[in-house]
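**Student:** This is final_10.cif, which holds mmCIF, C-alpha atoms, pLDDT in the B column; chains and numbers go by the auth columns:
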data_protein
#
loop_
_atom_site.group_PDB
_atom_site.id
_atom_site.type_symbol
_atom_site.label_atom_id
_atom_site.label_comp_id
_atom_site.label_asym_id
_atom_site.label_seq_id
_atom_site.Cartn_x
_atom_site.Cartn_y
_atom_site.Cartn_z
_atom_site.B_iso_or_equiv
_atom_site.auth_seq_id
_atom_site.auth_asym_id
ATOM 1 C CA MET A 1 118.290 113.413 2.984 62.00 1 A
ATOM 2 C CA SER A 2 120.069 111.831 0.019 91.00 2 A
ATOM 3 C CA VAL A 3 118.705 108.795 -1.808 95.00 3 A
ATOM 4 C CA VAL A 4 121.567 106.698 -0.389 95.00 4 A
ATOM 5 C CA THR A 5 120.747 107.745 3.184 96.00 5 A
ATOM 6 C CA ASP A 6 117.055 107.035 2.588 96.00 6 A
ATOM 7 C CA LEU A 7 117.875 103.622 1.141 97.00 7 A
ATOM 8 C CA LEU A 8 120.024 102.662 4.090 96.00 8 A
ATOM 9 C CA ALA A 9 117.097 103.340 6.416 96.00 9 A
ATOM 10 C CA LYS A 10 114.911 100.808 4.565 97.00 10 A
ATOM 11 C CA PRO A 11 114.490 97.245 5.901 97.00 11 A
ATOM 12 C CA GLY A 12 117.040 94.763 4.588 97.00 12 A
ATOM 13 C CA VAL A 13 119.371 97.294 2.964 98.00 13 A
ATOM 14 C CA VAL A 14 122.936 96.286 3.827 97.00 14 A
ATOM 15 C CA ALA A 15 124.744 98.984 1.853 97.00 15 A
ATOM 16 C CA ALA A 16 124.023 101.639 -0.773 97.00 16 A
ATOM 17 C CA GLY A 17 126.128 104.001 -2.785 96.00 17 A
ATOM 18 C CA GLU A 18 126.579 105.951 -5.978 95.00 18 A
ATOM 19 C CA TYR A 19 129.217 106.112 -8.674 93.00 19 A
ATOM 20 C CA ALA A 20 130.214 108.562 -11.363 91.00 20 A
ATOM 21 C CA TYR A 21 129.440 107.311 -14.886 89.00 21 A
ATOM 22 C CA ARG A 22 132.930 108.329 -15.978 87.00 22 A
ATOM 23 C CA GLY A 23 134.297 105.991 -13.327 84.00 23 A
ATOM 24 C CA ASP A 24 136.525 108.348 -11.377 84.00 24 A
ATOM 25 C CA ARG A 25 134.741 108.337 -8.045 89.00 25 A
ATOM 26 C CA PHE A 26 132.190 106.626 -5.851 92.00 26 A
ATOM 27 C CA SER A 27 130.679 106.981 -2.401 92.00 27 A
ATOM 28 C CA TYR A 28 128.807 104.539 -0.208 95.00 28 A
ATOM 29 C CA ARG A 29 127.337 103.868 3.198 94.00 29 A
ATOM 30 C CA GLY A 30 126.709 100.585 4.984 95.00 30 A
ATOM 31 C CA ALA A 31 128.353 97.282 5.811 94.00 31 A
ATOM 32 C CA LEU A 32 131.048 97.056 3.138 93.00 32 A
ATOM 33 C CA THR A 33 134.746 97.797 3.299 94.00 33 A
ATOM 34 C CA GLU A 34 136.038 100.672 1.174 94.00 34 A
ATOM 35 C CA GLU A 35 137.765 98.230 -1.185 95.00 35 A
ATOM 36 C CA HIS A 36 134.665 96.048 -1.599 95.00 36 A
ATOM 37 C CA ALA A 37 132.486 99.113 -2.181 94.00 37 A
ATOM 38 C CA ARG A 38 134.939 100.272 -4.851 94.00 38 A
ATOM 39 C CA MET A 39 134.723 96.864 -6.528 94.00 39 A
ATOM 40 C CA ALA A 40 130.907 96.886 -6.308 95.00 40 A
ATOM 41 C CA SER A 41 130.725 100.343 -7.859 94.00 41 A
ATOM 42 C CA ILE A 42 132.991 99.272 -10.743 94.00 42 A
ATOM 43 C CA MET A 43 130.878 96.173 -11.453 95.00 43 A
ATOM 44 C CA CYS A 44 127.644 98.178 -11.241 95.00 44 A
ATOM 45 C CA ARG A 45 128.984 100.864 -13.553 94.00 45 A
ATOM 46 C CA ALA A 46 130.188 98.283 -16.106 95.00 46 A
ATOM 47 C CA THR A 47 126.810 96.528 -16.162 95.00 47 A
ATOM 48 C CA THR A 48 124.940 99.839 -16.415 95.00 48 A
ATOM 49 C CA MET A 49 127.049 100.805 -19.428 94.00 49 A
ATOM 50 C CA GLY A 50 126.387 97.385 -20.970 94.00 50 A
ATOM 51 C CA VAL A 51 122.604 97.489 -20.595 94.00 51 A
ATOM 52 C CA SER A 52 122.589 101.043 -21.923 93.00 52 A
ATOM 53 C CA MET A 53 124.303 99.874 -25.120 93.00 53 A
ATOM 54 C CA GLU A 54 121.897 96.927 -25.338 93.00 54 A
ATOM 55 C CA GLY A 55 118.875 99.215 -24.995 91.00 55 A
ATOM 56 C CA SER A 56 120.097 101.253 -27.968 90.00 56 A
ATOM 57 C CA MET A 57 120.458 98.103 -30.062 91.00 57 A
ATOM 58 C CA LEU A 58 116.946 97.002 -29.129 90.00 58 A
ATOM 59 C CA GLU A 59 115.614 100.388 -30.202 88.00 59 A
ATOM 60 C CA ALA A 60 117.185 99.812 -33.635 87.00 60 A
ATOM 61 C CA PHE A 61 115.237 96.546 -33.933 81.00 61 A
ATOM 62 C CA GLN A 62 111.924 98.034 -32.893 82.00 62 A
ATOM 63 C CA SER A 63 111.342 101.712 -32.256 84.00 63 A
ATOM 64 C CA ARG A 64 109.340 102.833 -29.217 84.00 64 A
ATOM 65 C CA SER A 65 110.688 99.911 -27.213 87.00 65 A
ATOM 66 C CA GLY A 66 109.604 100.319 -23.606 92.00 66 A
ATOM 67 C CA LEU A 67 113.044 99.184 -22.484 92.00 67 A
ATOM 68 C CA GLN A 68 114.789 102.224 -23.934 92.00 68 A
ATOM 69 C CA PRO A 69 116.329 104.113 -22.228 92.00 69 A
ATOM 70 C CA PRO A 70 117.190 101.591 -19.516 94.00 70 A
ATOM 71 C CA ARG A 71 116.721 102.930 -15.991 95.00 71 A
ATOM 72 C CA GLY A 72 118.572 100.176 -14.190 96.00 72 A
ATOM 73 C CA TRP A 73 118.894 96.503 -13.504 97.00 73 A
ATOM 74 C CA MET A 74 118.766 93.984 -10.705 98.00 74 A
ATOM 75 C CA VAL A 75 120.527 90.715 -9.889 98.00 75 A
ATOM 76 C CA HIS A 76 118.624 88.458 -7.496 98.00 76 A
ATOM 77 C CA GLY A 77 120.714 85.847 -5.690 97.00 77 A
ATOM 78 C CA PRO A 78 119.749 83.267 -3.058 97.00 78 A
ATOM 79 C CA ASP A 79 120.309 85.648 -0.110 98.00 79 A
ATOM 80 C CA TYR A 80 121.063 89.076 -1.574 98.00 80 A
ATOM 81 C CA THR A 81 119.766 91.290 -4.385 98.00 81 A
ATOM 82 C CA VAL A 82 121.752 94.038 -6.070 98.00 82 A
ATOM 83 C CA CYS A 83 119.467 96.849 -7.312 98.00 83 A
ATOM 84 C CA VAL A 84 120.845 99.606 -9.523 97.00 84 A
ATOM 85 C CA ILE A 85 118.858 102.567 -10.826 97.00 85 A
ATOM 86 C CA ALA A 86 120.712 105.357 -12.657 95.00 86 A
ATOM 87 C CA ASN A 87 124.059 105.690 -10.832 94.00 87 A
ATOM 88 C CA VAL A 88 122.845 104.492 -7.433 96.00 88 A
ATOM 89 C CA PHE A 89 123.346 100.937 -6.186 96.00 89 A
ATOM 90 C CA CYS A 90 121.812 99.107 -3.271 97.00 90 A
ATOM 91 C CA LEU A 91 122.571 95.755 -1.659 97.00 91 A
ATOM 92 C CA LEU A 92 119.469 94.156 -0.180 98.00 92 A
ATOM 93 C CA GLU A 93 119.124 91.128 2.105 98.00 93 A
ATOM 94 C CA ASN A 94 116.223 89.179 0.585 98.00 94 A
ATOM 95 C CA THR A 95 114.538 87.901 3.738 97.00 95 A
ATOM 96 C CA LYS A 96 114.550 91.296 5.471 97.00 96 A
ATOM 97 C CA GLY A 97 113.476 93.601 2.657 97.00 97 A
ATOM 98 C CA SER A 98 111.184 93.870 -0.353 98.00 98 A
ATOM 99 C CA VAL A 99 112.536 94.092 -3.895 98.00 99 A
ATOM 100 C CA ASN A 100 109.274 95.700 -5.053 98.00 100 A
ATOM 101 C CA ASP A 101 109.553 98.417 -2.391 97.00 101 A
ATOM 102 C CA ILE A 102 113.213 99.149 -3.097 98.00 102 A
ATOM 103 C CA VAL A 103 112.807 99.305 -6.888 97.00 103 A
ATOM 104 C CA GLY A 104 109.670 101.425 -6.513 97.00 104 A
ATOM 105 C CA PHE A 105 111.438 103.827 -4.167 97.00 105 A
ATOM 106 C CA MET A 106 114.570 104.096 -6.320 97.00 106 A
ATOM 107 C CA CYS A 107 112.616 104.614 -9.565 96.00 107 A
ATOM 108 C CA GLN A 108 110.575 107.364 -7.949 95.00 108 A
ATOM 109 C CA ALA A 109 113.484 109.050 -6.167 95.00 109 A
ATOM 110 C CA LEU A 110 115.693 108.963 -9.269 95.00 110 A
ATOM 111 C CA ALA A 111 112.972 109.645 -11.863 92.00 111 A
ATOM 112 C CA ASN A 112 114.451 112.982 -12.868 87.00 112 A
ATOM 113 C CA VAL A 113 118.051 111.849 -13.233 85.00 113 A
ATOM 114 C CA PRO A 114 119.097 112.329 -16.896 78.00 114 A
ATOM 115 C CA ALA A 115 119.548 109.077 -18.835 73.00 115 A
ATOM 116 C CA ASP A 116 122.575 110.275 -20.827 75.00 116 A
ATOM 117 C CA LEU A 117 125.136 108.620 -18.504 70.00 117 A
ATOM 118 C CA ILE A 118 127.140 111.791 -17.900 66.00 118 A
ATOM 119 C CA MET B 1 99.524 75.407 -17.295 72.00 1 B
ATOM 120 C CA THR B 2 103.031 76.002 -18.659 91.00 2 B
ATOM 121 C CA THR B 3 105.413 78.468 -17.011 94.00 3 B
ATOM 122 C CA LEU B 4 105.044 80.812 -19.995 96.00 4 B
ATOM 123 C CA ASP B 5 101.259 80.852 -19.638 97.00 5 B
ATOM 124 C CA GLU B 6 101.587 81.403 -15.903 97.00 6 B
ATOM 125 C CA LEU B 7 103.957 84.339 -16.492 98.00 7 B
ATOM 126 C CA MET B 8 101.494 85.857 -18.965 98.00 8 B
ATOM 127 C CA ARG B 9 98.928 86.029 -16.165 98.00 9 B
ATOM 128 C CA LEU B 10 101.123 88.450 -14.196 98.00 10 B
ATOM 129 C CA PRO B 11 99.816 92.033 -14.059 97.00 11 B
ATOM 130 C CA GLY B 12 101.238 94.034 -16.967 97.00 12 B
ATOM 131 C CA ALA B 13 102.707 90.997 -18.784 98.00 13 B
ATOM 132 C CA MET B 14 103.668 91.993 -22.339 97.00 14 B
ATOM 133 C CA ALA B 15 105.470 88.804 -23.384 98.00 15 B
ATOM 134 C CA ALA B 16 106.972 85.630 -21.986 98.00 16 B
ATOM 135 C CA PHE B 17 109.717 83.624 -23.625 98.00 17 B
ATOM 136 C CA GLU B 18 112.114 80.697 -23.417 97.00 18 B
ATOM 137 C CA PHE B 19 115.639 80.725 -24.787 97.00 19 B
ATOM 138 C CA ARG B 20 118.778 78.627 -24.955 96.00 20 B
ATOM 139 C CA GLY B 21 121.878 79.394 -22.896 93.00 21 B
ATOM 140 C CA SER B 22 123.405 80.642 -26.151 95.00 22 B
ATOM 141 C CA GLY B 23 120.522 83.113 -26.538 96.00 23 B
ATOM 142 C CA GLU B 24 118.357 81.661 -29.337 97.00 24 B
ATOM 143 C CA LEU B 25 114.639 82.188 -28.808 97.00 25 B
ATOM 144 C CA LEU B 26 112.790 78.871 -28.487 97.00 26 B
ATOM 145 C CA GLU B 27 109.193 79.699 -27.626 97.00 27 B
ATOM 146 C CA GLN B 28 107.226 82.819 -26.842 97.00 28 B
ATOM 147 C CA ARG B 29 103.859 84.307 -25.924 98.00 29 B
ATOM 148 C CA ILE B 30 103.218 87.902 -26.992 97.00 30 B
ATOM 149 C CA ALA B 31 100.302 89.939 -25.661 97.00 31 B
ATOM 150 C CA TYR B 32 100.783 93.021 -27.844 93.00 32 B
ATOM 151 C CA PRO B 33 102.376 92.106 -31.214 93.00 33 B
ATOM 152 C CA ASP B 34 102.283 95.757 -32.308 91.00 34 B
ATOM 153 C CA ARG B 35 104.517 96.707 -29.352 91.00 35 B
ATOM 154 C CA ILE B 36 106.900 93.766 -29.153 93.00 36 B
ATOM 155 C CA ASN B 37 107.644 91.267 -31.911 91.00 37 B
ATOM 156 C CA GLU B 38 109.503 87.998 -32.280 94.00 38 B
ATOM 157 C CA SER B 39 112.727 89.510 -33.633 92.00 39 B
ATOM 158 C CA THR B 40 112.875 91.948 -30.712 92.00 40 B
ATOM 159 C CA LEU B 41 112.347 89.069 -28.294 95.00 41 B
ATOM 160 C CA ASP B 42 115.136 87.152 -30.030 95.00 42 B
ATOM 161 C CA LEU B 43 117.607 90.003 -29.505 95.00 43 B
ATOM 162 C CA LEU B 44 116.323 90.427 -25.960 96.00 44 B
ATOM 163 C CA ALA B 45 116.933 86.721 -25.315 97.00 45 B
ATOM 164 C CA HIS B 46 120.537 87.051 -26.536 96.00 46 B
ATOM 165 C CA MET B 47 121.009 90.127 -24.332 96.00 47 B
ATOM 166 C CA CYS B 48 119.568 88.367 -21.295 97.00 48 B
ATOM 167 C CA SER B 49 121.724 85.302 -21.881 97.00 49 B
ATOM 168 C CA ALA B 50 124.831 87.512 -21.982 96.00 50 B
ATOM 169 C CA ASN B 51 123.775 89.450 -18.883 96.00 51 B
ATOM 170 C CA MET B 52 123.068 86.237 -16.946 96.00 52 B
ATOM 171 C CA SER B 53 126.561 84.997 -17.788 96.00 53 B
ATOM 172 C CA ILE B 54 128.201 88.278 -16.771 96.00 54 B
ATOM 173 C CA ALA B 55 126.179 88.473 -13.547 96.00 55 B
ATOM 174 C CA THR B 56 127.116 84.865 -12.746 96.00 56 B
ATOM 175 C CA MET B 57 130.801 85.608 -13.301 96.00 57 B
ATOM 176 C CA GLN B 58 130.564 88.710 -11.111 96.00 58 B
ATOM 177 C CA ALA B 59 128.699 86.862 -8.335 97.00 59 B
ATOM 178 C CA ARG B 60 131.272 84.086 -8.390 96.00 60 B
ATOM 179 C CA GLY B 61 134.152 86.560 -8.253 96.00 61 B
ATOM 180 C CA TRP B 62 132.484 88.727 -5.610 96.00 62 B
ATOM 181 C CA GLU B 63 131.967 85.738 -3.303 97.00 63 B
ATOM 182 C CA LYS B 64 135.603 84.693 -3.656 96.00 64 B
ATOM 183 C CA VAL B 65 137.003 88.181 -3.081 95.00 65 B
ATOM 184 C CA THR B 66 134.724 89.286 -0.252 95.00 66 B
ATOM 185 C CA ALA B 67 134.019 85.907 1.413 95.00 67 B
ATOM 186 C CA MET B 68 130.344 86.962 1.433 95.00 68 B
ATOM 187 C CA THR B 69 127.945 84.244 0.269 96.00 69 B
ATOM 188 C CA GLY B 70 124.363 84.364 -0.980 97.00 70 B
ATOM 189 C CA PHE B 71 124.929 85.855 -4.431 97.00 71 B
ATOM 190 C CA TYR B 72 125.620 82.681 -6.414 96.00 72 B
ATOM 191 C CA PRO B 73 123.908 81.040 -8.234 95.00 73 B
ATOM 192 C CA ILE B 74 122.066 83.969 -9.781 96.00 74 B
ATOM 193 C CA LYS B 75 118.338 83.346 -9.535 96.00 75 B
ATOM 194 C CA GLU B 76 117.119 86.164 -11.781 97.00 76 B
ATOM 195 C CA PHE B 77 118.509 89.030 -13.816 98.00 77 B
ATOM 196 C CA THR B 78 116.140 91.969 -14.356 98.00 78 B
ATOM 197 C CA LEU B 79 116.574 94.816 -16.807 97.00 79 B
ATOM 198 C CA ILE B 80 114.470 97.832 -15.814 97.00 80 B
ATOM 199 C CA GLY B 81 113.651 99.975 -18.830 95.00 81 B
ATOM 200 C CA PHE B 82 111.806 103.259 -19.067 94.00 82 B
ATOM 201 C CA ASP B 83 108.343 101.684 -19.395 95.00 83 B
ATOM 202 C CA TRP B 84 109.002 97.941 -19.318 96.00 84 B
ATOM 203 C CA SER B 85 111.128 95.496 -17.371 98.00 85 B
ATOM 204 C CA VAL B 86 112.367 92.062 -18.387 98.00 86 B
ATOM 205 C CA VAL B 87 112.971 89.379 -15.754 98.00 87 B
ATOM 206 C CA VAL B 88 114.861 86.207 -16.719 98.00 88 B
ATOM 207 C CA SER B 89 115.882 83.109 -14.796 96.00 89 B
ATOM 208 C CA GLY B 90 117.816 79.926 -15.369 91.00 90 B
ATOM 209 C CA LEU B 91 117.357 78.602 -11.873 88.00 91 B
ATOM 210 C CA ASN B 92 115.824 75.314 -12.998 87.00 92 B
ATOM 211 C CA ARG B 93 119.052 74.574 -14.832 90.00 93 B
ATOM 212 C CA GLU B 94 120.867 74.408 -11.486 86.00 94 B
ATOM 213 C CA GLN B 95 118.841 71.360 -10.422 86.00 95 B
ATOM 214 C CA TYR B 96 119.754 69.586 -13.640 91.00 96 B
ATOM 215 C CA LYS B 97 123.426 70.480 -13.206 90.00 97 B
ATOM 216 C CA GLN B 98 123.381 69.155 -9.648 88.00 98 B
ATOM 217 C CA ALA B 99 121.745 65.954 -10.872 90.00 99 B
ATOM 218 C CA GLY B 100 124.630 65.515 -13.324 92.00 100 B
ATOM 219 C CA LYS B 101 122.507 66.113 -16.441 91.00 101 B
ATOM 220 C CA PHE B 102 124.180 67.491 -19.547 88.00 102 B
ATOM 221 C CA SER B 103 120.959 68.505 -21.291 90.00 103 B
ATOM 222 C CA LEU B 104 119.621 71.578 -19.478 91.00 104 B
ATOM 223 C CA PRO B 105 116.156 73.179 -19.640 92.00 105 B
ATOM 224 C CA PRO B 106 115.863 76.618 -21.294 95.00 106 B
ATOM 225 C CA PHE B 107 116.079 80.008 -19.598 96.00 107 B
ATOM 226 C CA VAL B 108 112.668 81.611 -19.055 97.00 108 B
ATOM 227 C CA GLY B 109 111.786 85.304 -19.072 97.00 109 B
ATOM 228 C CA VAL B 110 108.903 87.747 -18.932 98.00 110 B
ATOM 229 C CA VAL B 111 108.480 91.331 -20.124 98.00 111 B
ATOM 230 C CA LEU B 112 106.354 93.431 -17.745 98.00 112 B
ATOM 231 C CA ALA B 113 104.928 96.946 -17.919 97.00 113 B
ATOM 232 C CA ASN B 114 106.655 98.866 -15.108 97.00 114 B
ATOM 233 C CA GLU B 115 103.508 100.526 -13.785 95.00 115 B
ATOM 234 C CA LYS B 116 102.050 97.122 -12.862 95.00 116 B
ATOM 235 C CA ALA B 117 105.260 95.127 -12.410 97.00 117 B
ATOM 236 C CA ASP B 118 105.363 92.795 -9.419 98.00 118 B
ATOM 237 C CA TYR B 119 108.954 91.547 -9.468 98.00 119 B
ATOM 238 C CA GLU B 120 108.485 89.318 -6.451 98.00 120 B
ATOM 239 C CA ALA B 121 105.533 87.535 -8.095 98.00 121 B
ATOM 240 C CA ALA B 122 107.627 87.007 -11.233 98.00 122 B
ATOM 241 C CA PHE B 123 110.467 85.599 -9.115 98.00 123 B
ATOM 242 C CA ALA B 124 108.040 83.212 -7.377 97.00 124 B
ATOM 243 C CA ILE B 125 106.872 81.744 -10.704 97.00 125 B
ATOM 244 C CA LEU B 126 110.393 81.527 -12.115 96.00 126 B
ATOM 245 C CA GLU B 127 111.673 79.817 -8.960 95.00 127 B
ATOM 246 C CA LYS B 128 109.110 77.001 -8.925 90.00 128 B
ATOM 247 C CA GLN B 129 111.024 73.752 -8.796 78.00 129 B
ATOM 248 C CA GLU B 130 110.477 71.287 -11.635 78.00 130 B
ATOM 249 C CA GLN B 131 110.948 67.553 -11.495 78.00 131 B
ATOM 250 C CA VAL B 132 114.368 66.713 -12.967 80.00 132 B
ATOM 251 C CA GLN B 133 113.798 64.419 -15.977 75.00 133 B
#
Please render this file's structure as structure tokens.

**Tutor:**
Amino acid sequence: MSVVTDLLAKPGVVAAGEYAYRGDRFSYRGALTEEHARMASIMCRATTMGVSMEGSMLEAFQSRSGLQPPRGWMVHGPDYTVCVIANVFCLLENTKGSVNDIVGFMCQALANVPADLI
Amino acid sequence: MTTLDELMRLPGAMAAFEFRGSGELLEQRIAYPDRINESTLDLLAHMCSANMSIATMQARGWEKVTAMTGFYPIKEFTLIGFDWSVVVSGLNREQYKQAGKFSLPPFVGVVLANEKADYEAAFAILEKQEQVQ
């Protein structure tokens, strides 16, 4: 099974998908319309590119920074959390799922994805 | 115990810090000065401030476009690095805004080693409600 399919089977996951770093395509599964999933993938890609640039700047300040290379990011809202690792995103309903479990699963499942954003 | 000291008791805590909305570092605790120093934390604070603003803008826009709610206000932004993560929150500022205060408390953040990181425990500390002064 793919990481996205596995994610969707986890408690609280409303939708999950992946996007190409070059921005020309995306795919998703779950309770989002095609247009909203496209918008989510664009926002996730933009933020991933941003934190990647920021990680490189941090490395210039202090070498061997444990934040470089960034693996992903997470935005935790009152009811939903957006988790992104590599080029995979996941929308989690806070009361039904565990952020620790989702991040742990995604980091493990995507551990071997290259960090060069290609 | 201050929030920074409480954050430093989390498993794998490397540093905890407070910063202005504009990103300037105000106060910090550092567990391993050879691994993370004050100037790195200052840049990190500026980065986190920028990311909180972008995430807030995106959450606001997302809610308007999709009619889904539950994303705004952002409670925490987390950057997950190769070995460390940084979790930041400005949630306490929301109470002050709602109370009509112009002077807002600082953002608060913690740097955690990924192998021991408990994001939910960090969220719980960062979401403790303070008395509005």

**Student:** Which residues, written as an MDAnalysis selection string, have at least one atom at most 12 Å from Leu7 of chain A, with only C-alpha atoms counted and residues fewer than 5 positions away on the same chain left out?

**Tutor:** chainID A and resid 1:2 12:18 28:30 83:84 88:92 97:98 101:107 109:110

**Student:** Taking all atoms listed in the file into account, find every residue of chain A that has an atom no more than 8 Å from chain B, and write it out as a list in words.

**Tutor:**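 Residues satisfying the distance criterion: His36, Met43, Val51, Glu54, Leu58, Phe61, Gln62, Arg64, Ser65, Gly66, Leu67, Gln68, Pro69, Pro70, Arg71, Gly72, Trp73, Met74, Val75, His76, Gly77, Pro78, Asp79, Tyr80, Thr81, Val99 and Asn100 of chain A.
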
**Student:** How many Å lie between atom CA of Ser63 of chain A and atom CA of Ser22 of chain B, rounded to one decimal?

**Tutor:**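 We find that atom CA of Ser63 of chain A and atom CA of Ser22 of chain B lie 25.0 Å from each other.
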
**Student:** For atom CA of Ser52 of chain A and atom CA of Gly90 of chain B, determine how far apart the two atoms are, in Å to one decimal place.

**Tutor:**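 Pair atom CA of Ser52 of chain A / atom CA of Gly90 of chain B returns 22.6 Å.
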
**Student:** Measure the distance from atom CA of Gly61 of chain B to atom CA of Phe26 of chain A in Å and round it to one decimal.

**Tutor:**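 Computing it gives 20.3 Å between the two atoms.
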
**Student:** Need to verify the contact set: segment 27-31 of chain B, 8 Å, only C-alpha atoms, exclusion of same-chain residues closer than 5 positions in sequence. Can you return it as an MDAnalysis selection string?

**Tutor:** chainID B and resid 4:5 8 13:19 36:38

**Student:** Considering all atoms listed in the file, can you say which of A:Ala9, A:Asp116, A:Gly23, A:Ile85 comes closest to Ser41 of chain A?

**Tutor:** A:Gly23

**Student:** Could you tell me which of B:Gly21, B:Gly12, B:Pro106, B:Pro33 comes closest to Leu126 of chain B if we count all atoms listed in the file?

**Tutor:** B:Pro106
